[in-house]
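Trainee: One structure, as structure tokens, below. Some questions next.
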Amino acid sequence: MPGRGPDKQDSVVSRFKALFPDAIDQPAVHRLDMATSGLMVLALTAEVHRQLSCQFSQRQVDKVYIALLDGAVSEAVTGKNGEIELRFRLDPENRPYQIYDPVQGKIGITRWRRLALSETLFEILPENEGRPQTRIEFIPLTGRTHQLRLHAAHPLGLGCPIIGDSLYGSGNMGDPMYLHA
């Protein structure tokens with residue numbers, strides 16, 4: 001969806017609507033964070049949108065993400081795979097940042113699997129050169145805002161932010177974030 005303000009009007013939906021002007025007004029069936037790359041599902045008609053939305057809400061759609069983390073997710077500490085369950089919520093003082101809140105937060109659940117660990121897996125950003133990097137597969141079981149970013153970065157999660165993440169890691173605004181749907 002286009003964002004607020006004239007500088008945020010370019011989006012998947014606005015480009016889709018330019019290609020298919022007869023499509024419904026809100027064709028996006030799901031969301032991706034603005035900095036996340038990958039595939040999105042859009043619908044041309046209201047009936048198709050309803051059917052696809054039902055599939056998403058009934059968890060009949062498998063969503064898989066690949067992330068490159070800034071740090072070593074060590075097998076000795078965490079194993080090669082697992083499940084992360086953390087409760088978090090919006091920090092109203094620091095929007096859109098989400099904070100861990102075991103009492104009032106909504107549960108986010110993610111399955112993860114370590115795909116690769118290397119000192120030089122990818123030399124992507126100069127500031128990451130020589131630092132360990134871990135490639136992770138994420139399968140979100142819930143769909144909370146910034147869920148994968150939090151589950152990667154938080155010490156109760158994997159403890160390593162996604163490379164390029166400007167909210168929960170050391171990335172700068174405008175850096176590519178290495179999270180792909």
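The way I read the labels, and the way they are meant: chains A, B, ... in the order of the structure tokens, residue 1 as the first residue of every chain, and ligand 1 as the first ligand shown, with later ones counted on from there.
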Please report, as a Markdown table, each residue of range 31-89 of chain A lying at most 10 Å from range 96-120 of chain A, together with the nearest pair of atoms and the separation in Å rounded to one decimal; use only C-alpha atoms, and order rows by chain and ascending residue number.

Mentor:
```
| residue | atom | partner | partner_atom | distance |
| --- | --- | --- | --- | --- |
| A:Val64 | CA | A:Trp112 | CA | 9.6 |
| A:Tyr65 | CA | A:Trp112 | CA | 9.4 |
| A:Ile66 | CA | A:Leu115 | CA | 9.1 |
| A:Ala67 | CA | A:Leu115 | CA | 9.7 |
| A:Leu68 | CA | A:Ala116 | CA | 9.3 |
| A:Leu69 | CA | A:Leu117 | CA | 9.5 |
| A:Gly71 | CA | A:Leu117 | CA | 8.8 |
| A:Ala72 | CA | A:Leu117 | CA | 6.6 |
| A:Val73 | CA | A:Leu117 | CA | 7.4 |
| A:Ser74 | CA | A:Leu117 | CA | 8.2 |
| A:Glu75 | CA | A:Arg114 | CA | 8.4 |
| A:Thr78 | CA | A:Arg114 | CA | 9.7 |
| A:Gly79 | CA | A:Arg114 | CA | 8.4 |
| A:Lys80 | CA | A:Arg114 | CA | 5.2 |
| A:Asn81 | CA | A:Arg113 | CA | 4.1 |
| A:Gly82 | CA | A:Trp112 | CA | 5.5 |
| A:Glu83 | CA | A:Arg111 | CA | 4.3 |
| A:Ile84 | CA | A:Thr110 | CA | 5.2 |
| A:Glu85 | CA | A:Ile109 | CA | 4.6 |
| A:Leu86 | CA | A:Gly108 | CA | 5.4 |
| A:Arg87 | CA | A:Ile107 | CA | 4.2 |
| A:Phe88 | CA | A:Gly105 | CA | 4.1 |
| A:Arg89 | CA | A:Gly105 | CA | 4.8 |
```

Trainee: I need the chosen residues saved as a short mmCIF file (atom, residue, chain, number, x, y, z; two decimals), in the first residue's frame, with N, CA and C atoms.

Mentor:
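Done, and the output landed in part-v8.cif:
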```cif
data_model
loop_
_atom_site.label_atom_id
_atom_site.label_comp_id
_atom_site.auth_asym_id
_atom_site.auth_seq_id
_atom_site.Cartn_x
_atom_site.Cartn_y
_atom_site.Cartn_z
N VAL A 64 7.84 -18.44 3.90
CA VAL A 64 9.22 -18.75 4.22
C VAL A 64 10.06 -17.52 3.92
N TYR A 65 10.91 -17.15 4.85
CA TYR A 65 11.80 -16.00 4.69
C TYR A 65 13.24 -16.47 4.87
N ILE A 66 14.15 -15.84 4.15
CA ILE A 66 15.58 -16.06 4.32
C ILE A 66 16.17 -14.75 4.82
N ALA A 67 16.98 -14.83 5.87
CA ALA A 67 17.60 -13.63 6.44
C ALA A 67 19.09 -13.86 6.60
N LEU A 68 19.84 -12.79 6.48
CA LEU A 68 21.27 -12.81 6.77
C LEU A 68 21.47 -12.00 8.04
N LEU A 69 21.94 -12.69 9.09
CA LEU A 69 22.06 -12.05 10.41
C LEU A 69 23.48 -11.57 10.66
N GLY A 71 25.98 -11.67 12.92
CA GLY A 71 26.50 -12.36 14.08
C GLY A 71 26.37 -13.86 13.91
N ALA A 72 26.93 -14.57 14.85
CA ALA A 72 26.94 -16.03 14.80
C ALA A 72 25.82 -16.60 15.65
N VAL A 73 24.92 -17.32 15.02
CA VAL A 73 23.91 -18.10 15.74
C VAL A 73 24.56 -19.46 15.93
N SER A 74 25.12 -19.65 17.08
CA SER A 74 25.95 -20.82 17.36
C SER A 74 25.10 -22.05 17.65
N GLU A 75 25.45 -23.15 17.01
CA GLU A 75 24.78 -24.43 17.25
C GLU A 75 24.95 -24.86 18.70
N THR A 78 22.26 -22.61 20.60
CA THR A 78 20.85 -22.63 20.22
C THR A 78 20.44 -23.85 19.40
N GLY A 79 21.38 -24.67 18.97
CA GLY A 79 21.05 -25.77 18.08
C GLY A 79 20.98 -25.28 16.64
N LYS A 80 20.54 -26.16 15.75
CA LYS A 80 20.45 -25.82 14.33
C LYS A 80 19.08 -25.30 13.94
N ASN A 81 18.09 -25.47 14.82
CA ASN A 81 16.75 -25.00 14.52
C ASN A 81 15.97 -24.89 15.82
N GLY A 82 14.81 -24.28 15.72
CA GLY A 82 13.99 -24.13 16.92
C GLY A 82 12.77 -23.29 16.66
N GLU A 83 12.14 -22.88 17.75
CA GLU A 83 10.95 -22.05 17.68
C GLU A 83 11.11 -20.93 18.70
N ILE A 84 10.79 -19.72 18.27
CA ILE A 84 10.87 -18.55 19.13
C ILE A 84 9.46 -18.08 19.44
N GLU A 85 9.17 -17.86 20.72
CA GLU A 85 7.89 -17.30 21.15
C GLU A 85 8.20 -16.11 22.04
N LEU A 86 7.86 -14.93 21.56
CA LEU A 86 8.07 -13.71 22.34
C LEU A 86 6.82 -12.85 22.28
N ARG A 87 6.49 -12.21 23.40
CA ARG A 87 5.37 -11.27 23.45
C ARG A 87 5.94 -9.86 23.29
N PHE A 88 5.40 -9.13 22.33
CA PHE A 88 5.85 -7.75 22.14
C PHE A 88 4.69 -6.88 21.68
N ARG A 89 4.94 -5.57 21.78
CA ARG A 89 3.92 -4.57 21.45
C ARG A 89 4.61 -3.31 20.97
#
```

Trainee: Please extract the residues of range 7-105 of chain A with a backbone DSSP assignment of alpha helix (DSSP H) and present them as a ChimeraX atom specification.

Mentor: /A:12-19,46-57,75-78

Trainee: Show me, as a ChimeraX atom specification, the residues that have an atom within 6 Å of range 18-28 of chain A when counting only C-alpha atoms, minus same-chain residues fewer than 5 positions from it.

Mentor: /A:42-45

Trainee: For Ala181 in chain A, list every protein, DNA or RNA residue within 10 Å, evaluated using only C-alpha atoms, and leave out those in the same chain fewer than 2 positions away; present the list as a PDB file with N, CA, C and O atoms, in the first residue's frame.

Mentor:
```pdb
ATOM      1  N   LEU A  32       4.159  -6.892   3.686  1.00  0.00           N
ATOM      2  CA  LEU A  32       5.579  -7.073   3.974  1.00  0.00           C
ATOM      3  C   LEU A  32       6.074  -5.751   4.543  1.00  0.00           C
ATOM      4  O   LEU A  32       5.634  -4.686   4.091  1.00  0.00           O
ATOM      5  N   THR A  36      11.546  -5.191   3.544  1.00  0.00           N
ATOM      6  CA  THR A  36      11.646  -6.609   3.222  1.00  0.00           C
ATOM      7  C   THR A  36      11.412  -6.813   1.736  1.00  0.00           C
ATOM      8  O   THR A  36      10.464  -6.277   1.174  1.00  0.00           O
ATOM      9  N   SER A  37      12.282  -7.600   1.107  1.00  0.00           N
ATOM     10  CA  SER A  37      12.085  -7.922  -0.304  1.00  0.00           C
ATOM     11  C   SER A  37      11.328  -9.236  -0.415  1.00  0.00           C
ATOM     12  O   SER A  37      11.190  -9.966   0.559  1.00  0.00           O
ATOM     13  N   GLY A  38      10.839  -9.539  -1.609  1.00  0.00           N
ATOM     14  CA  GLY A  38      10.214 -10.833  -1.802  1.00  0.00           C
ATOM     15  C   GLY A  38       8.923 -10.785  -2.573  1.00  0.00           C
ATOM     16  O   GLY A  38       8.600  -9.797  -3.229  1.00  0.00           O
ATOM     17  N   LEU A  39       8.187 -11.876  -2.482  1.00  0.00           N
ATOM     18  CA  LEU A  39       6.955 -12.050  -3.231  1.00  0.00           C
ATOM     19  C   LEU A  39       5.755 -11.581  -2.424  1.00  0.00           C
ATOM     20  O   LEU A  39       5.697 -11.782  -1.217  1.00  0.00           O
ATOM     21  N   MET A  40       4.814 -10.971  -3.140  1.00  0.00           N
ATOM     22  CA  MET A  40       3.548 -10.585  -2.520  1.00  0.00           C
ATOM     23  C   MET A  40       2.421 -11.179  -3.337  1.00  0.00           C
ATOM     24  O   MET A  40       2.551 -11.360  -4.543  1.00  0.00           O
ATOM     25  N   LYS A  63       4.606 -19.449   4.498  1.00  0.00           N
ATOM     26  CA  LYS A  63       5.450 -18.284   4.279  1.00  0.00           C
ATOM     27  C   LYS A  63       6.854 -18.637   4.762  1.00  0.00           C
ATOM     28  O   LYS A  63       7.027 -19.080   5.899  1.00  0.00           O
ATOM     29  N   VAL A  64       7.837 -18.440   3.896  1.00  0.00           N
ATOM     30  CA  VAL A  64       9.224 -18.748   4.224  1.00  0.00           C
ATOM     31  C   VAL A  64      10.064 -17.516   3.916  1.00  0.00           C
ATOM     32  O   VAL A  64       9.921 -16.906   2.859  1.00  0.00           O
ATOM     33  N   TYR A  65      10.912 -17.153   4.847  1.00  0.00           N
ATOM     34  CA  TYR A  65      11.800 -16.005   4.687  1.00  0.00           C
ATOM     35  C   TYR A  65      13.243 -16.474   4.866  1.00  0.00           C
ATOM     36  O   TYR A  65      13.516 -17.375   5.666  1.00  0.00           O
ATOM     37  N   ILE A  66      14.152 -15.839   4.152  1.00  0.00           N
ATOM     38  CA  ILE A  66      15.577 -16.060   4.325  1.00  0.00           C
ATOM     39  C   ILE A  66      16.174 -14.747   4.820  1.00  0.00           C
ATOM     40  O   ILE A  66      15.895 -13.682   4.250  1.00  0.00           O
ATOM     41  N   ALA A  67      16.980 -14.826   5.870  1.00  0.00           N
ATOM     42  CA  ALA A  67      17.603 -13.629   6.438  1.00  0.00           C
ATOM     43  C   ALA A  67      19.092 -13.862   6.599  1.00  0.00           C
ATOM     44  O   ALA A  67      19.544 -14.989   6.834  1.00  0.00           O
ATOM     45  N   GLU A 137      16.648 -19.513   7.902  1.00  0.00           N
ATOM     46  CA  GLU A 137      15.313 -19.638   7.318  1.00  0.00           C
ATOM     47  C   GLU A 137      14.317 -19.396   8.448  1.00  0.00           C
ATOM     48  O   GLU A 137      14.415 -20.004   9.508  1.00  0.00           O
ATOM     49  N   PHE A 138      13.371 -18.476   8.202  1.00  0.00           N
ATOM     50  CA  PHE A 138      12.314 -18.179   9.160  1.00  0.00           C
ATOM     51  C   PHE A 138      10.975 -18.626   8.578  1.00  0.00           C
ATOM     52  O   PHE A 138      10.683 -18.361   7.408  1.00  0.00           O
ATOM     53  N   ILE A 139      10.157 -19.251   9.414  1.00  0.00           N
ATOM     54  CA  ILE A 139       8.777 -19.564   9.052  1.00  0.00           C
ATOM     55  C   ILE A 139       7.894 -18.972  10.142  1.00  0.00           C
ATOM     56  O   ILE A 139       7.811 -19.509  11.250  1.00  0.00           O
ATOM     57  N   LEU A 179      16.423  -9.433   4.403  1.00  0.00           N
ATOM     58  CA  LEU A 179      15.292 -10.289   4.739  1.00  0.00           C
ATOM     59  C   LEU A 179      14.458 -10.415   3.487  1.00  0.00           C
ATOM     60  O   LEU A 179      13.991  -9.420   2.933  1.00  0.00           O
TER      61      LEU A 179
END
```

Trainee: At what distance in Å, to one decimal, does CA of Ser57 in chain A lie from CA of Met177 in chain A?

Mentor: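 A separation of 26.6 Å between them.
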
Trainee: Check the DSSP output for the backbone and give back, as a ChimeraX atom specification, the residues of range 53-180 of chain A in strand (DSSP E or B).

Mentor: /A:65-70,81-90,98-100,106-118,133-140,162,179-180

Trainee: Report as an MDAnalysis selection string all protein, DNA and RNA residues lying within 9 Å of Ser170 in chain A, evaluated on only C-alpha atoms, omitting residues in the same chain fewer than 6 positions from it.

Mentor: chainID A and resid 70 161:164

Trainee: What would the file look like if the residues just selected were written as a compact mmCIF listing (two decimals), in the first residue's frame with C-alpha atoms?

Mentor:
```txt
# COMPACT_ATOMS: atom_id res chain seq x y z
CA ASP A 70 24.84 -9.87 11.77
CA PRO A 161 19.93 -8.54 14.15
CA ILE A 162 19.28 -8.81 10.44
CA ILE A 163 22.02 -7.10 8.43
CA GLY A 164 20.82 -3.68 7.33
```
